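Each remark here refers to the structure printed beneath this line.
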Amino acid sequence: MSSIESVSHETRVFEPSADWQRSAAIGGMDAYNALCKEAETDFEGFWARLAKENLQFAKDYDKVLDESNPPFYKWFTGGELNVSANCLDKNIAAGLGDKVALIFEADGGEVTKVTYSELLSKVSKIANGLKGLGVKKGDRVVIYMPMSVEGVAAMQACARIGATHSVVFGGFSAKALQDRIQDTGAVAVFTADQQVRGGKQLPLKSIVDEALSLGGCEAVKNVIVYKRTGADVAMQAGRDVYMHALADKQSDVCAPEMVDSEHPLFILYTSGSTGKPKGVQHSSAGYLLWAMLTMKWTFDIKPNDVFWCTADIGWITGHTYITYGPLAVGATQIVFEGVPTYPNAGRFWEMIQRHSATIFYTAPTAIRSLIKACESDQKVHPTSYDLSSLRLMGSVGEPINPEAWMWYHKNVGGEKCPIVDTFWQTETGGHMITPLPGATPLVPGSCTLPLPGIMAAVVDEVGGDLPNGQGGILVVKRPWPSMIRTIWGDADRFKKSYFPEELGGNLYLAGDGAVRDKVSGNFTIMGRIDDVLNVSGHRMGTMEIESSLVANELVAEAAVVGRPDDLTGEAIVAFVVLKGDRPTGEAGQKLAMDLRNWVGKDIGPIAKPKEIRFGDNLPKTRSGKIMRRLLRSLAKGETITQDTSTLENPAILDQLGKPI
Ligand code: WT7
């Protein structure tokens with residue numbers, strides 16, 4: 001538990017307004033407590049009621065929750081449905097055909113609006129195109145696309161025909177893409193000629209070509225290319241096809257393929273504490289149910305809302321709160337191609353104003369960078385825009401520090417918008433611990449209380465309950481519908497990673513430390529307790545970066561740790577031992593730059609270490625174990641006060657203590 005260091009002492013509390021309590025989906029703590037009680041007294045009955053109210057099954061399920069083979073829980077077994085039909089056809093049948101589903105704003109500012117009917121027709125054409133290529137129910141399809149209507153439509157098209165998609169963030173390298181194509185055994189890849197971000201055109205199709213040339217991707221029969229910029233790209237005859245050429249000639253009617261409740265809707269890779277990223281497998285019925293419920297409870301979504309989640313479809317937030325949740329509840333949402341700082345750091349605020357966004361959901365890292373940007377430029381300050389349309393704001397991906405929370409509350413929300421600080425993970429499918437607007441008193445920096453039906457708790461190293469006020473390990477005691485089903489192709493790793501024997505084998509281990517407030521019971525997340533870093537809300541495994549560094553022919557050994565960073569939350573610091581002599585001065589700077597680029601090329605730019613230090617060795621115990629806690633202190637620039645008596649080579653600390 002050595003990494004659980006900080007405990008919040010926040011005392012500011014923001015009670016919900018009377019208006020909010022009256023109008024919210026869950027207004028007031030009594031309503032919240034009643035739902036929690038319902039879940040506690042009749043767990044299955046609770047979920048059955050919610051499924052009935054929210055999901056459209058083609059065939060009814062027999063059993064709400066099958067716990068016969070823990071931790072491989074199954075929900076709504078025997079049921080059949082189609083997720084795309086629940087997002088599109090259902091809403092059109094309910095009269096929302098002409099309602100705008102997507103307001104797409106391109107990097108350069110062009111706006112395209114797509115109604116539910118138009119989206120269904122687009123999705124159906126792509127789905128028919130996929131079928132024409134021979135893609136079938138159960139096949140895997142990798143999507144490596146920019147933020148676009150087409151990206152969302154490609155995901156929905158896969159869901160429509162029962163193909164399992166795996167979206168790979170457009171910032172990942174050819175090598176990372178190849179890994180995922182190979183691991184999923186994908187039969188097709190969606191991509192674009194290029195992506196456009198911050199006024200720059202960046203390659204995508206050529207990276208797919210490179211990934212496929214690395215081998216192991218022989219199952220891929222087709223690459224479907226969305227023409228984003230019209231740049232000249234190599235098209236391999238018989239394999240590559242433009243998306244419009246494939247889709248335009250198709251019928252705009254495609255009967256949705258019914259799938260089992262447990263059918264894998266998607267696989268999404270995330271970093272773990274060991275080297276290889278984990279393919280998190282999600283279900284169809286349970287996942288969709290939670291996406292819908294959290295849209296209603298956490299975001300209080302109403303028919304006239306304009307919802308905006310700024311995440312990328314390459315992350316779980318973009319899956320649940322762009323592609324599935326908002327569409328399943330018939331909402332209008334903004335989809336943004338670009339970056340928050342282009343053409344200037346007022347872009348988010350300008351877009352909220354332009355589209356009259358009512359609900360805004362973003363990451364603390366974006367907030368922190370925009371705070372910084374407007375310090376020196378009043379023009380891009382949120383108060384220079386008309387943000388009066390906003391009624392609710394959210395935060396996701398990492399802890400939000402109380403000062404950033406206060407700034408967001410005051411300057412963006414005008415002190416009238418509740419902030420939902422949503423704690424969740426790729427594995428949880430949707431929100432887990434979050435305030436509910438209109439109910440939960442808000443405390444800056446705390447994600448407050450678990451959603452009804454989510455049995456979150458703080459336990460010790462052997463799974464025993466800890467009293468409030470005492471920091472420990474965050475777990476979930478009962479399954480929930482949108483939980484991870486398994487790690488694709490590695491059931492054993494799933495079991496070991498998330499339901500470890502040390503905790504008794506039946507608690508879901510989130511991987512974070514947490515503490516509950518003595519009085520309110522509010523949760524405060526204290527960061528990862530494993531070797532996972534959170535850089536700008538992106539999860540990075542230290543082992544993954546270490547493996548990448550040692551794959552370089554000059555490197556003998558590497559250890560990677562996180563260091564607190566004002567802007568990115570955590571920053572990556574790498575300690576490297578070379579096979580040859582330890583470089584210093586300019587030679588050291590040059591090599592550090594080369595190695596940063598090496599990691600960027602190997603994994604993706606988000607994995608580049610912020611700082612690299614070279615040593616003749618790493619601090620190790622006599623038995624050869626790297627003492628990471630010392631490296632963490634060195635990275636922070638602290639003088640070592642910890643016990644170093646087990647250290648084999650204390651002199652090394654001096655060498656590693658200073659930047660190059
Ligand atoms: C990890 C999960 C949730 C979708 C995006 C990230 C951290 C996430 C919060 C929050 C404190 C948070 C945790 C978690 N995290 N949200 N509101 N407060 N920490 O998903 O990449 O799977 O990362 O992000 O450490 O375990 P992810």
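Chains: A, B, ... in order of the structure tokens. Residues: from 1 per chain. Ligands: from 1, in order shown.
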
Check your understanding: Do you know which residues are within 9 Å of ligand 1 using only C-alpha atoms and all ligand atoms? Can you write them as a PyMOL selection string?
Key -> chain A and resi 270-271+311+315-318+363-364+395-400+420-431+433-434+445-447+510-513+524-529+532-534+537-540

Just-selected residues, N, CA and C atoms written as a compact mmCIF listing (two decimals), in the first residue's frame:
# COMPACT_ATOMS: atom_id res chain seq x y z
N THR A 270 -6.44 -2.38 -23.12
CA THR A 270 -5.99 -1.42 -22.12
C THR A 270 -4.73 -1.96 -21.47
N SER A 271 -4.00 -1.06 -20.83
CA SER A 271 -2.72 -1.47 -20.25
C SER A 271 -2.92 -2.09 -18.88
N ALA A 311 -14.33 12.77 -25.44
CA ALA A 311 -13.40 11.65 -25.58
C ALA A 311 -13.28 11.20 -27.03
N TRP A 315 -11.17 5.18 -26.99
CA TRP A 315 -11.16 4.85 -25.56
C TRP A 315 -12.55 4.40 -25.12
N ILE A 316 -12.62 3.80 -23.93
CA ILE A 316 -13.91 3.30 -23.45
C ILE A 316 -14.92 4.44 -23.30
N THR A 317 -14.45 5.62 -22.90
CA THR A 317 -15.38 6.75 -22.73
C THR A 317 -16.10 7.05 -24.04
N GLY A 318 -15.36 6.97 -25.14
CA GLY A 318 -15.97 7.20 -26.45
C GLY A 318 -16.92 6.08 -26.86
N ALA A 363 -12.05 15.66 -19.56
CA ALA A 363 -11.05 15.09 -18.65
C ALA A 363 -10.30 16.19 -17.90
N PRO A 364 -9.89 15.92 -16.66
CA PRO A 364 -9.14 16.91 -15.89
C PRO A 364 -7.91 17.44 -16.63
N SER A 395 -16.51 15.00 -15.32
CA SER A 395 -15.06 14.83 -15.35
C SER A 395 -14.78 13.34 -15.36
N VAL A 396 -13.75 12.92 -16.08
CA VAL A 396 -13.46 11.50 -16.18
C VAL A 396 -12.01 11.22 -16.50
N GLY A 397 -11.51 10.10 -16.00
CA GLY A 397 -10.23 9.58 -16.45
C GLY A 397 -9.14 9.61 -15.41
N GLU A 398 -9.23 10.51 -14.46
CA GLU A 398 -8.20 10.64 -13.44
C GLU A 398 -8.79 11.50 -12.32
N PRO A 399 -8.14 11.52 -11.19
CA PRO A 399 -8.66 12.37 -10.13
C PRO A 399 -8.60 13.82 -10.58
N ILE A 400 -9.63 14.57 -10.23
CA ILE A 400 -9.59 16.02 -10.53
C ILE A 400 -9.19 16.72 -9.23
N VAL A 420 -20.27 16.10 -12.21
CA VAL A 420 -20.21 14.68 -11.87
C VAL A 420 -18.79 14.17 -12.12
N ASP A 421 -18.10 13.86 -11.05
CA ASP A 421 -16.74 13.33 -11.12
C ASP A 421 -16.88 11.81 -11.18
N THR A 422 -16.82 11.27 -12.40
CA THR A 422 -17.19 9.87 -12.61
C THR A 422 -15.96 8.96 -12.53
N PHE A 423 -15.94 8.10 -11.54
CA PHE A 423 -14.87 7.10 -11.47
C PHE A 423 -15.35 5.84 -12.16
N TRP A 424 -14.57 5.35 -13.10
CA TRP A 424 -14.83 4.06 -13.73
C TRP A 424 -13.61 3.65 -14.52
N GLN A 425 -13.72 2.56 -15.28
CA GLN A 425 -12.56 1.99 -15.97
C GLN A 425 -13.00 1.32 -17.28
N THR A 426 -12.03 1.05 -18.13
CA THR A 426 -12.31 0.29 -19.35
C THR A 426 -13.07 -0.98 -18.99
N GLU A 427 -12.66 -1.60 -17.90
CA GLU A 427 -13.24 -2.89 -17.51
C GLU A 427 -14.66 -2.78 -16.98
N THR A 428 -15.02 -1.61 -16.45
CA THR A 428 -16.35 -1.52 -15.81
C THR A 428 -17.44 -1.16 -16.81
N GLY A 429 -17.07 -0.74 -18.00
CA GLY A 429 -18.04 -0.47 -19.06
C GLY A 429 -18.76 0.86 -18.92
N GLY A 430 -18.99 1.30 -17.71
CA GLY A 430 -19.68 2.57 -17.47
C GLY A 430 -19.35 3.05 -16.07
N HIS A 431 -19.96 4.19 -15.72
CA HIS A 431 -19.70 4.81 -14.41
C HIS A 431 -19.90 3.82 -13.27
N ILE A 433 -18.64 4.96 -9.56
CA ILE A 433 -18.79 5.83 -8.39
C ILE A 433 -18.86 7.25 -8.91
N THR A 434 -19.94 7.92 -8.62
CA THR A 434 -20.13 9.28 -9.15
C THR A 434 -21.26 9.98 -8.40
N GLY A 445 -13.04 16.98 -5.79
CA GLY A 445 -11.99 15.97 -5.68
C GLY A 445 -12.48 14.61 -5.23
N SER A 446 -13.77 14.49 -4.92
CA SER A 446 -14.28 13.18 -4.51
C SER A 446 -15.31 12.70 -5.53
N CYS A 447 -15.22 11.42 -5.89
CA CYS A 447 -16.22 10.86 -6.80
C CYS A 447 -17.46 10.42 -6.02
N ALA A 510 -10.26 -3.38 -8.61
CA ALA A 510 -10.20 -2.28 -9.59
C ALA A 510 -8.76 -1.91 -9.92
N GLY A 511 -7.86 -2.06 -8.94
CA GLY A 511 -6.47 -1.66 -9.17
C GLY A 511 -6.18 -0.27 -8.63
N ASP A 512 -7.16 0.35 -7.97
CA ASP A 512 -6.96 1.67 -7.37
C ASP A 512 -7.02 1.59 -5.85
N GLY A 513 -6.36 2.52 -5.20
CA GLY A 513 -6.51 2.70 -3.77
C GLY A 513 -7.63 3.69 -3.53
N THR A 524 -12.85 8.70 -2.05
CA THR A 524 -11.82 9.47 -2.75
C THR A 524 -10.84 8.45 -3.31
N ILE A 525 -10.58 8.56 -4.60
CA ILE A 525 -9.66 7.63 -5.27
C ILE A 525 -8.24 8.14 -5.06
N MET A 526 -7.35 7.24 -4.66
CA MET A 526 -5.98 7.69 -4.36
C MET A 526 -4.96 7.21 -5.38
N GLY A 527 -5.43 6.75 -6.51
CA GLY A 527 -4.50 6.37 -7.58
C GLY A 527 -4.23 4.87 -7.61
N ARG A 528 -3.55 4.46 -8.66
CA ARG A 528 -3.33 3.03 -8.91
C ARG A 528 -2.42 2.44 -7.85
N ILE A 529 -2.71 1.18 -7.53
CA ILE A 529 -1.84 0.47 -6.59
C ILE A 529 -0.99 -0.56 -7.32
N VAL A 532 0.63 0.70 -13.01
CA VAL A 532 -0.05 1.37 -14.11
C VAL A 532 0.00 2.86 -13.85
N LEU A 533 0.36 3.62 -14.89
CA LEU A 533 0.41 5.08 -14.76
C LEU A 533 -0.80 5.69 -15.45
N ASN A 534 -1.15 6.89 -15.03
CA ASN A 534 -2.24 7.60 -15.67
C ASN A 534 -1.69 8.93 -16.17
N GLY A 537 -4.95 11.12 -18.35
CA GLY A 537 -6.14 10.28 -18.41
C GLY A 537 -5.97 9.02 -19.24
N HIS A 538 -4.76 8.78 -19.74
CA HIS A 538 -4.51 7.56 -20.51
C HIS A 538 -3.72 6.58 -19.67
N ARG A 539 -4.15 5.34 -19.74
CA ARG A 539 -3.53 4.32 -18.92
C ARG A 539 -2.30 3.74 -19.61
N MET A 540 -1.19 3.72 -18.91
CA MET A 540 0.04 3.18 -19.50
C MET A 540 0.67 2.22 -18.49

Find the residues around Asn522 in chain A up to 7 Å (only C-alpha atoms counted), leave out those fewer than 3 positions away in its own chain, and share them as a PDB file with N, CA and C atoms, in the first residue's frame.
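Saved result, out.pdb, follows:
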ATOM      1  N   SER A 446     -13.771  14.491  -4.920  1.00  0.00           N
ATOM      2  CA  SER A 446     -14.284  13.176  -4.514  1.00  0.00           C
ATOM      3  C   SER A 446     -15.309  12.698  -5.525  1.00  0.00           C
ATOM      4  N   THR A 448     -17.494  10.713  -4.772  1.00  0.00           N
ATOM      5  CA  THR A 448     -18.617  10.523  -3.830  1.00  0.00           C
ATOM      6  C   THR A 448     -19.090   9.073  -3.685  1.00  0.00           C
ATOM      7  N   LEU A 449     -20.276   8.733  -4.226  1.00  0.00           N
ATOM      8  CA  LEU A 449     -20.893   7.459  -3.844  1.00  0.00           C
ATOM      9  C   LEU A 449     -21.152   6.540  -5.029  1.00  0.00           C
ATOM     10  N   ARG A 516     -12.796   6.076   2.234  1.00  0.00           N
ATOM     11  CA  ARG A 516     -14.148   6.628   2.368  1.00  0.00           C
ATOM     12  C   ARG A 516     -14.163   7.623   3.517  1.00  0.00           C
ATOM     13  N   ASP A 517     -14.887   8.704   3.312  1.00  0.00           N
ATOM     14  CA  ASP A 517     -14.995   9.723   4.348  1.00  0.00           C
ATOM     15  C   ASP A 517     -15.754   9.169   5.556  1.00  0.00           C
TER      16      ASP A 517
END

Could you give me, as a compact mmCIF listing (two decimals) with all heavy atoms, in the first residue's frame, each residue of range 193-335 of chain A that DSSP assigns to alpha helix (DSSP H) when run on this structure's backbone?
# COMPACT_ATOMS: atom_id res chain seq x y z
N LYS A 205 -3.86 5.35 -43.09
CA LYS A 205 -3.83 4.18 -43.98
C LYS A 205 -2.43 3.60 -44.11
O LYS A 205 -2.25 2.37 -44.07
CB LYS A 205 -4.37 4.59 -45.36
CG LYS A 205 -4.20 3.55 -46.48
CD LYS A 205 -4.98 2.28 -46.23
CE LYS A 205 -5.09 1.38 -47.46
NZ LYS A 205 -3.85 0.82 -47.94
N SER A 206 -1.43 4.45 -44.21
CA SER A 206 -0.07 3.93 -44.39
C SER A 206 0.38 3.18 -43.13
O SER A 206 1.19 2.26 -43.20
CB SER A 206 0.91 5.05 -44.74
OG SER A 206 0.96 5.99 -43.69
N ILE A 207 -0.15 3.58 -41.98
CA ILE A 207 0.20 2.88 -40.74
C ILE A 207 -0.46 1.50 -40.72
O ILE A 207 0.14 0.52 -40.27
CB ILE A 207 -0.19 3.73 -39.50
CG1 ILE A 207 0.61 5.04 -39.52
CG2 ILE A 207 0.06 2.96 -38.20
CD1 ILE A 207 0.28 6.01 -38.41
N VAL A 208 -1.67 1.43 -41.25
CA VAL A 208 -2.33 0.11 -41.38
C VAL A 208 -1.50 -0.78 -42.30
O VAL A 208 -1.24 -1.95 -41.99
CB VAL A 208 -3.78 0.26 -41.91
CG1 VAL A 208 -4.38 -1.11 -42.19
CG2 VAL A 208 -4.64 1.03 -40.92
N ASP A 209 -1.06 -0.22 -43.42
CA ASP A 209 -0.23 -1.01 -44.36
C ASP A 209 1.01 -1.54 -43.66
O ASP A 209 1.38 -2.70 -43.81
CB ASP A 209 0.18 -0.15 -45.56
CG ASP A 209 -1.01 0.20 -46.45
OD1 ASP A 209 -2.02 -0.52 -46.39
OD2 ASP A 209 -0.92 1.21 -47.18
N GLU A 210 1.63 -0.66 -42.87
CA GLU A 210 2.84 -1.07 -42.16
C GLU A 210 2.51 -2.17 -41.14
O GLU A 210 3.23 -3.17 -41.05
CB GLU A 210 3.44 0.16 -41.46
CG GLU A 210 4.85 -0.06 -40.94
CD GLU A 210 5.35 1.13 -40.10
OE1 GLU A 210 4.85 2.26 -40.30
OE2 GLU A 210 6.23 0.91 -39.25
N ALA A 211 1.42 -1.98 -40.40
CA ALA A 211 1.02 -2.97 -39.39
C ALA A 211 0.82 -4.34 -40.05
O ALA A 211 1.30 -5.36 -39.56
CB ALA A 211 -0.26 -2.52 -38.69
N LEU A 212 0.11 -4.33 -41.19
CA LEU A 212 -0.19 -5.61 -41.84
C LEU A 212 1.08 -6.26 -42.38
O LEU A 212 1.18 -7.48 -42.43
CB LEU A 212 -1.22 -5.40 -42.96
CG LEU A 212 -2.60 -4.93 -42.49
CD1 LEU A 212 -3.54 -4.72 -43.69
CD2 LEU A 212 -3.23 -5.91 -41.51
N SER A 213 2.05 -5.43 -42.73
CA SER A 213 3.29 -5.98 -43.28
C SER A 213 4.18 -6.58 -42.20
O SER A 213 5.14 -7.29 -42.49
CB SER A 213 4.06 -4.90 -44.04
OG SER A 213 4.68 -4.04 -43.09
N MET A 243 -14.51 3.30 -48.40
CA MET A 243 -15.76 3.14 -47.68
C MET A 243 -16.95 3.57 -48.54
O MET A 243 -17.97 2.89 -48.59
CB MET A 243 -15.70 3.97 -46.40
CG MET A 243 -16.66 3.56 -45.34
SD MET A 243 -16.08 4.31 -43.78
CE MET A 243 -17.42 3.93 -42.71
N HIS A 244 -16.83 4.70 -49.23
CA HIS A 244 -17.98 5.17 -50.02
C HIS A 244 -18.24 4.23 -51.18
O HIS A 244 -19.38 3.94 -51.52
CB HIS A 244 -17.78 6.62 -50.49
CG HIS A 244 -16.60 6.80 -51.40
ND1 HIS A 244 -15.36 7.16 -50.94
CD2 HIS A 244 -16.48 6.66 -52.74
CE1 HIS A 244 -14.52 7.24 -51.96
NE2 HIS A 244 -15.17 6.92 -53.06
N ALA A 245 -17.17 3.70 -51.78
CA ALA A 245 -17.35 2.78 -52.91
C ALA A 245 -18.05 1.50 -52.45
O ALA A 245 -18.85 0.91 -53.17
CB ALA A 245 -16.00 2.45 -53.54
N LEU A 246 -17.74 1.11 -51.22
CA LEU A 246 -18.35 -0.10 -50.67
C LEU A 246 -19.80 0.15 -50.27
O LEU A 246 -20.70 -0.66 -50.56
CB LEU A 246 -17.56 -0.55 -49.43
CG LEU A 246 -18.09 -1.77 -48.69
CD1 LEU A 246 -17.83 -3.03 -49.50
CD2 LEU A 246 -17.45 -1.89 -47.31
N ALA A 247 -20.05 1.29 -49.63
CA ALA A 247 -21.36 1.52 -49.01
C ALA A 247 -22.39 2.11 -49.96
O ALA A 247 -23.56 1.72 -49.92
CB ALA A 247 -21.19 2.43 -47.79
N ALA A 285 -26.05 -7.14 -23.99
CA ALA A 285 -27.21 -6.66 -23.22
C ALA A 285 -26.80 -5.90 -21.97
O ALA A 285 -27.24 -4.77 -21.74
CB ALA A 285 -28.11 -7.83 -22.86
N GLY A 286 -25.96 -6.51 -21.14
CA GLY A 286 -25.57 -5.89 -19.88
C GLY A 286 -24.85 -4.58 -20.11
O GLY A 286 -25.11 -3.58 -19.42
N TYR A 287 -23.96 -4.56 -21.07
CA TYR A 287 -23.20 -3.34 -21.38
C TYR A 287 -24.15 -2.22 -21.79
O TYR A 287 -24.07 -1.09 -21.29
CB TYR A 287 -22.19 -3.62 -22.50
CG TYR A 287 -21.53 -2.36 -23.02
CD1 TYR A 287 -20.50 -1.74 -22.32
CD2 TYR A 287 -21.98 -1.75 -24.20
CE1 TYR A 287 -19.92 -0.57 -22.78
CE2 TYR A 287 -21.41 -0.59 -24.67
CZ TYR A 287 -20.38 0.01 -23.96
OH TYR A 287 -19.81 1.17 -24.41
N LEU A 288 -25.06 -2.54 -22.71
CA LEU A 288 -25.96 -1.51 -23.21
C LEU A 288 -26.87 -0.98 -22.09
O LEU A 288 -27.14 0.22 -22.01
CB LEU A 288 -26.81 -2.05 -24.36
CG LEU A 288 -27.68 -0.99 -25.04
CD1 LEU A 288 -26.81 0.00 -25.79
CD2 LEU A 288 -28.69 -1.62 -25.98
N LEU A 289 -27.33 -1.90 -21.24
CA LEU A 289 -28.20 -1.49 -20.14
C LEU A 289 -27.52 -0.43 -19.28
O LEU A 289 -28.10 0.61 -18.95
CB LEU A 289 -28.59 -2.69 -19.28
CG LEU A 289 -29.39 -2.35 -18.01
CD1 LEU A 289 -30.71 -1.67 -18.37
CD2 LEU A 289 -29.65 -3.60 -17.17
N TRP A 290 -26.26 -0.68 -18.93
CA TRP A 290 -25.57 0.25 -18.04
C TRP A 290 -25.24 1.56 -18.75
O TRP A 290 -25.26 2.64 -18.15
CB TRP A 290 -24.34 -0.42 -17.44
CG TRP A 290 -23.83 0.25 -16.20
CD1 TRP A 290 -22.55 0.64 -15.96
CD2 TRP A 290 -24.57 0.59 -15.01
NE1 TRP A 290 -22.45 1.21 -14.70
CE2 TRP A 290 -23.68 1.19 -14.11
CE3 TRP A 290 -25.90 0.45 -14.63
CZ2 TRP A 290 -24.07 1.65 -12.84
CZ3 TRP A 290 -26.30 0.92 -13.37
CH2 TRP A 290 -25.38 1.49 -12.50
N ALA A 291 -24.94 1.48 -20.06
CA ALA A 291 -24.69 2.70 -20.83
C ALA A 291 -25.94 3.59 -20.78
O ALA A 291 -25.86 4.80 -20.58
CB ALA A 291 -24.34 2.35 -22.28
N MET A 292 -27.10 2.97 -20.91
CA MET A 292 -28.36 3.73 -20.90
C MET A 292 -28.67 4.29 -19.51
O MET A 292 -29.04 5.46 -19.35
CB MET A 292 -29.52 2.85 -21.36
CG MET A 292 -29.40 2.43 -22.80
SD MET A 292 -30.77 1.37 -23.29
CE MET A 292 -32.10 2.59 -23.39
N LEU A 293 -28.53 3.42 -18.50
CA LEU A 293 -28.88 3.86 -17.15
C LEU A 293 -27.98 5.00 -16.68
O LEU A 293 -28.45 5.94 -16.02
CB LEU A 293 -28.77 2.68 -16.18
CG LEU A 293 -29.93 1.70 -16.25
CD1 LEU A 293 -29.63 0.47 -15.40
CD2 LEU A 293 -31.23 2.36 -15.78
N THR A 294 -26.70 4.92 -16.99
CA THR A 294 -25.81 5.99 -16.54
C THR A 294 -26.06 7.28 -17.33
O THR A 294 -25.89 8.37 -16.79
CB THR A 294 -24.34 5.56 -16.61
OG1 THR A 294 -24.08 5.00 -17.91
CG2 THR A 294 -24.01 4.53 -15.55
N MET A 295 -26.48 7.16 -18.59
CA MET A 295 -26.90 8.37 -19.32
C MET A 295 -28.06 9.04 -18.59
O MET A 295 -28.15 10.26 -18.51
CB MET A 295 -27.36 8.02 -20.75
CG MET A 295 -26.26 7.73 -21.76
SD MET A 295 -25.07 9.07 -22.01
CE MET A 295 -26.07 10.42 -22.59
N LYS A 296 -28.97 8.21 -18.07
CA LYS A 296 -30.16 8.75 -17.40
C LYS A 296 -29.85 9.24 -15.99
O LYS A 296 -30.32 10.29 -15.58
CB LYS A 296 -31.26 7.68 -17.35
CG LYS A 296 -31.79 7.32 -18.73
CD LYS A 296 -32.86 6.25 -18.66
CE LYS A 296 -33.37 5.91 -20.06
NZ LYS A 296 -34.44 4.91 -20.03
N TRP A 297 -29.11 8.43 -15.23
CA TRP A 297 -28.88 8.77 -13.83
C TRP A 297 -27.77 9.80 -13.65
O TRP A 297 -27.95 10.82 -13.01
CB TRP A 297 -28.51 7.49 -13.05
CG TRP A 297 -29.66 6.54 -12.89
CD1 TRP A 297 -30.97 6.77 -13.21
CD2 TRP A 297 -29.60 5.20 -12.37
NE1 TRP A 297 -31.72 5.65 -12.93
CE2 TRP A 297 -30.92 4.68 -12.40
CE3 TRP A 297 -28.58 4.40 -11.88
CZ2 TRP A 297 -31.22 3.39 -11.96
CZ3 TRP A 297 -28.88 3.12 -11.43
CH2 TRP A 297 -30.19 2.62 -11.47
N ILE A 316 -12.62 3.80 -23.93
CA ILE A 316 -13.91 3.30 -23.45
C ILE A 316 -14.92 4.44 -23.30
O ILE A 316 -16.11 4.27 -23.56
CB ILE A 316 -13.75 2.52 -22.11
CG1 ILE A 316 -15.06 1.82 -21.73
CG2 ILE A 316 -13.29 3.43 -20.99
CD1 ILE A 316 -15.48 0.69 -22.59
N THR A 317 -14.45 5.62 -22.90
CA THR A 317 -15.38 6.75 -22.73
C THR A 317 -16.10 7.05 -24.04
O THR A 317 -17.30 7.34 -24.06
CB THR A 317 -14.62 7.99 -22.21
OG1 THR A 317 -13.82 7.58 -21.10
CG2 THR A 317 -15.57 9.06 -21.75
N GLY A 318 -15.36 6.97 -25.14
CA GLY A 318 -15.97 7.20 -26.45
C GLY A 318 -16.92 6.08 -26.86
O GLY A 318 -17.87 6.31 -27.60
N GLY A 325 -24.18 4.88 -25.48
CA GLY A 325 -25.10 5.47 -24.51
C GLY A 325 -26.02 6.56 -25.07
O GLY A 325 -27.26 6.43 -25.01
N PRO A 326 -25.44 7.63 -25.63
CA PRO A 326 -26.29 8.73 -26.10
C PRO A 326 -27.27 8.29 -27.19
O PRO A 326 -28.42 8.72 -27.21
CB PRO A 326 -25.28 9.75 -26.66
CG PRO A 326 -24.01 9.45 -25.93
CD PRO A 326 -24.00 7.96 -25.72
N LEU A 327 -26.82 7.42 -28.10
CA LEU A 327 -27.71 6.98 -29.18
C LEU A 327 -28.82 6.09 -28.62
O LEU A 327 -29.98 6.20 -29.03
CB LEU A 327 -26.93 6.25 -30.27
CG LEU A 327 -25.93 7.12 -31.05
CD1 LEU A 327 -25.19 6.31 -32.10
CD2 LEU A 327 -26.64 8.30 -31.73
N ALA A 328 -28.48 5.22 -27.67
CA ALA A 328 -29.49 4.31 -27.12
C ALA A 328 -30.61 5.07 -26.40
O ALA A 328 -31.74 4.60 -26.35
CB ALA A 328 -28.83 3.31 -26.17

Could you give me, as JSON lines, a per-residue list for range 167-237 of chain A showing, wherever an atom lies at most 12 Å from an atom of range 480-492 of chain A, the closest pair of atoms and their distance in Å to one decimal, using only C-alpha atoms and sorting by chain then residue number from low to high?
{"residue": "A:Arg180", "atom": "CA", "partner": "A:Trp488", "partner_atom": "CA", "distance": 10.7}
{"residue": "A:Gln182", "atom": "CA", "partner": "A:Gly489", "partner_atom": "CA", "distance": 11.5}
{"residue": "A:Asp183", "atom": "CA", "partner": "A:Gly489", "partner_atom": "CA", "distance": 8.0}
{"residue": "A:Thr184", "atom": "CA", "partner": "A:Trp488", "partner_atom": "CA", "distance": 7.5}
{"residue": "A:Gly185", "atom": "CA", "partner": "A:Gly489", "partner_atom": "CA", "distance": 10.4}

Can you write just those residues out, N, CA and C atoms, as a PDB file, in the first residue's frame?
ATOM      1  N   ARG A 180      -2.783  -5.750 -31.893  1.00  0.00           N
ATOM      2  CA  ARG A 180      -4.222  -5.861 -31.646  1.00  0.00           C
ATOM      3  C   ARG A 180      -4.927  -6.585 -32.779  1.00  0.00           C
ATOM      4  N   GLN A 182      -3.587  -8.853 -34.608  1.00  0.00           N
ATOM      5  CA  GLN A 182      -3.180 -10.247 -34.454  1.00  0.00           C
ATOM      6  C   GLN A 182      -3.923 -10.914 -33.292  1.00  0.00           C
ATOM      7  N   ASP A 183      -3.977 -10.235 -32.161  1.00  0.00           N
ATOM      8  CA  ASP A 183      -4.593 -10.819 -30.973  1.00  0.00           C
ATOM      9  C   ASP A 183      -6.087 -11.076 -31.178  1.00  0.00           C
ATOM     10  N   THR A 184      -6.766 -10.165 -31.902  1.00  0.00           N
ATOM     11  CA  THR A 184      -8.204 -10.360 -32.132  1.00  0.00           C
ATOM     12  C   THR A 184      -8.464 -11.327 -33.270  1.00  0.00           C
ATOM     13  N   GLY A 185      -7.480 -11.517 -34.157  1.00  0.00           N
ATOM     14  CA  GLY A 185      -7.704 -12.327 -35.357  1.00  0.00           C
ATOM     15  C   GLY A 185      -8.685 -11.651 -36.300  1.00  0.00           C
TER      16      GLY A 185
END
